[in-house]
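What follows is one structure encoded as structure tokens, with my remarks underneath.
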2 protein chains.
Amino acid sequence: MDLIFSRSNPKIKGLRALRDRTSRLESGLILVEGIFHVGEAVAAARGGKLALQAIYFAPDLLRSEFALGLIREQSGLGTPCYPLTVDVFESVAEKDNPQGILAVARPRQYALDDLGPQNFPWGVALVAPQDPGNLGSILRSIDAVGASGLLLLDGGADPYHPAAVRASMGALFWHPVVNTSFKAFAVWAREGGYTTYGTSAHAPLDYRSVSAYPRPCILLLGSEREGLTSEQAAECQVMLRLPMRGRVTSLNLAAAAGVMLYAMLEAE
Amino acid sequence: MDLIFSRSNPKIKGLRALRDRTSRLESGLILVEGIFHVGEAVAAARGGKLALQAIYFAPDLLRSEFALGLIREQSGLGTPCYPLTVDVFESVAEKDNPQGILAVARPRQYALDDLGPQNFPWGVALVAPQDPGNLGSILRSIDAVGASGLLLLDGGADPYHPAAVRASMGALFWHPVVNTSFKAFAVWAREGGYTTYGTSAHAPLDYRSVSAYPRPCILLLGSEREGLTSEQAAECQVMLRLPMRGRVTSLNLAAAAGVMLYAMLEAE
């Protein structure tokens with residue numbers, strides 16, 4: 001293919017637009033940047049978890065044999081792979097000193113009704129999380145413990161924000177992520193026979209005294225600022241407290257999710 | 001005091017300079033922004049953990065009775081409290097829509113030799129962590145479990161970076177943080193009789209099979225990218241593995257620290 005050498009090439013403008021949440025939502029497409037992350041996206045495409053729409057690369061930046069192999073493979077499968085000048089690549093790259101490869105991908109879309117105890121026995125639900133880095137870290141922990149996926153309730157940060165994609169280290173491509181309302185979640189969880197475990201600084205039960213978390217189950221966490229409201233806590237079968245021995249009254253959201261997910265792994 | 005209405009006032013220039021790591025290092029001063037964080041800095045000053053050098057506030061932005069009370073209290077104690085116009089305040093604030101209060105503080109400095117099994121029975125040591133948000137989150141978890149403090153080995157992110165200060169939710173003010181070399185740490189830990197616990201994806205021992213973490217002990221974690229080198233792992237009495245059931249080979253650094261710190265709390 002011919003080298004794209006103009007920053008105002010329509011394809012390049014389209015790439016830049018994907019930095020915007022609205023464009024991502026309208027197109028169903030996301031940006032994946034860097035060798036490791038594009039490699040994970042290609043692996044997920046092989047596994048049928050997402051569709052790779054195109055790869056963009058800067059031949060003068062990209063030295064990795066692994067990455068060049070991905071381009072040969074995908075090119076052979078019919079995925080358009082566009083070479084860019086370094087200048088044009090840098091105009092679309094999110095990071096300084098980019099590695100010279102990015103992909104446009106269409107993640108598989110899931111609805112709440114696609115998920116149930118059979119294919120989603122152990123999920124995390126977050127109420128309006130604000131930080132995309134936390135979302136990505138939590139997806140990484142979900143993958144690490146072998147949990148099923150993530151439910152995002154009542155809005156919040158975009159799981160396809162570049163910071164979330166990066167922080168998930170590829171986990172985002174492999175696990176269902178569903179945006180829904182708290183109300184729809186509550187009905188779905190009850191109908192599916194899920195046990196919902198919530199956390200609160202004031203819960204009477206120390207999580208360390210729970211000896212088993214039978215599946216199907218959901219770990220429900222409130223937002224960074226507010227935690228769970230009392231109405232949300234009322235939807236939980238079990239409310240748990242993480243001991244707080246110092247001055248802070250809570251953990252970082254991704255740290256809390258990590259501690260709870262490993263506790264649930266231990267006591268499955 | 002007279003309202004500061006010029007962005008080029010020397011005090012205002014000095015505040016802006018504190019966004020820079022070099023200025024923070026040279027002056028020993030840090031910036032603390034927002035009502036909650038200034039409140040925690042004042043509490044730590046009352047506890048003798050840091051010195052409050054000055055408070056800056058925008059009377060036209062600051063509505064919180066709690067914050068105005070802090071200013072009255074500190075003003076009465078002789079801490080200079082400077083009122084700024086909204087325009088000048090916004091020129092120094094890190095955040096959009098600032099709450100209208102920030103403080104300049106001098107944290108207490110600790111050297112490795114100040115710390116030992118008596119006053120530092122349970123610490124975390126990080127090798128060259130790169131992300132200031134991770135540093136802050138880890139300090140928050142250290143505070144939550146009642147651990148002692150943080151050792152930063154061989155450089156890395158600044159624990160007084162505004163993102164670290166924010167993420168620590170005040171924990172930074174209450175716990176010793178020491179910058180040192182891995183080499184000096186290793187000598188200190190051996191002389192103090194510490195048991196050092198490291199983590200690695202390849203360690204033969206699952207952390208869940210450890211039934212006690214006798215004090216004094218250190219949790220040693222490698223950097224986000226590299227983990228521990230084999231030389232660093234060789235300094236650990238015990239190397240542990242967090243089970244990884246999916247595709248990712250590690251957790252986010254702050255998530256890993258959270259999981260391990262709660263495991264060590266459970267089994268103290």
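Residue numbers start at 1 in each chain; chains themselves are named A, B, ... in the order of the structure tokens; ligands are numbered from 1 in the order shown.
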Give me, as a ChimeraX atom specification, the residues of chain B touching chain A, with the criterion being at most 7 Å (counting only C-alpha atoms). /B:137,140-141,143-146,169,171,244-248,251-252,254-255,258-259,262
Written selection (C-alpha atoms) as a PDB file, in the first residue's frame:
```pdb
ATOM      1  CA  SER B 137      -2.833   4.204  45.968  1.00  0.00           C
ATOM      2  CA  ARG B 140      -3.515   4.528  50.899  1.00  0.00           C
ATOM      3  CA  SER B 141      -3.504   0.716  51.206  1.00  0.00           C
ATOM      4  CA  ASP B 143      -2.532   3.171  55.831  1.00  0.00           C
ATOM      5  CA  ALA B 144      -5.671   1.027  55.503  1.00  0.00           C
ATOM      6  CA  VAL B 145      -4.027  -2.169  56.761  1.00  0.00           C
ATOM      7  CA  GLY B 146      -2.032  -0.398  59.464  1.00  0.00           C
ATOM      8  CA  MET B 169      -5.964  10.480  50.270  1.00  0.00           C
ATOM      9  CA  ALA B 171      -1.943   8.709  53.831  1.00  0.00           C
ATOM     10  CA  MET B 244      -3.032 -15.966  37.386  1.00  0.00           C
ATOM     11  CA  ARG B 245      -5.917 -17.872  35.846  1.00  0.00           C
ATOM     12  CA  GLY B 246      -6.360 -15.890  32.633  1.00  0.00           C
ATOM     13  CA  ARG B 247      -4.178 -14.359  29.941  1.00  0.00           C
ATOM     14  CA  VAL B 248      -2.582 -11.499  31.879  1.00  0.00           C
ATOM     15  CA  LEU B 251      -1.799  -7.377  38.208  1.00  0.00           C
ATOM     16  CA  ASN B 252      -1.662  -3.609  38.252  1.00  0.00           C
ATOM     17  CA  ALA B 254      -1.411  -1.041  43.260  1.00  0.00           C
ATOM     18  CA  ALA B 255      -3.849  -3.959  42.947  1.00  0.00           C
ATOM     19  CA  GLY B 258      -3.490  -4.324  47.961  1.00  0.00           C
ATOM     20  CA  VAL B 259      -4.000  -8.076  47.631  1.00  0.00           C
ATOM     21  CA  TYR B 262      -4.564  -7.712  53.034  1.00  0.00           C
TER      22      TYR B 262
END
```
Based on DSSP run over this structure's backbone, return all residues of range 27-173 of chain A in alpha helix (DSSP H), as number ranges by chain. A: 27, 35-46, 65-76, 86-92, 132-145, 162-168, 171-173
Which residues, written as a PyMOL selection string, have at least one atom at most 9 Å from range 113-127 of chain A, with only C-alpha atoms counted and residues fewer than 3 positions away on the same chain left out? chain A and resi 110+135+138-139+142+146-156+176+181-182+185+188-189+192-194+215-223+227-228+257+261
Filtered DSSP result for range 47-97 of chain B, state strand (DSSP E or B), as a PyMOL selection string: chain B and resi 50-57+81-84
Rows by chain and residue number, range 53-108 of chain B within 10 Å of range 25-28 of chain B, shortest pair, only C-alpha atoms, as a Markdown table:
```
| residue | atom | partner | partner_atom | distance |
| --- | --- | --- | --- | --- |
| B:Ala105 | CA | B:Gly28 | CA | 8.5 |
| B:Arg106 | CA | B:Gly28 | CA | 5.9 |
| B:Pro107 | CA | B:Gly28 | CA | 7.4 |
| B:Arg108 | CA | B:Gly28 | CA | 9.1 |
```
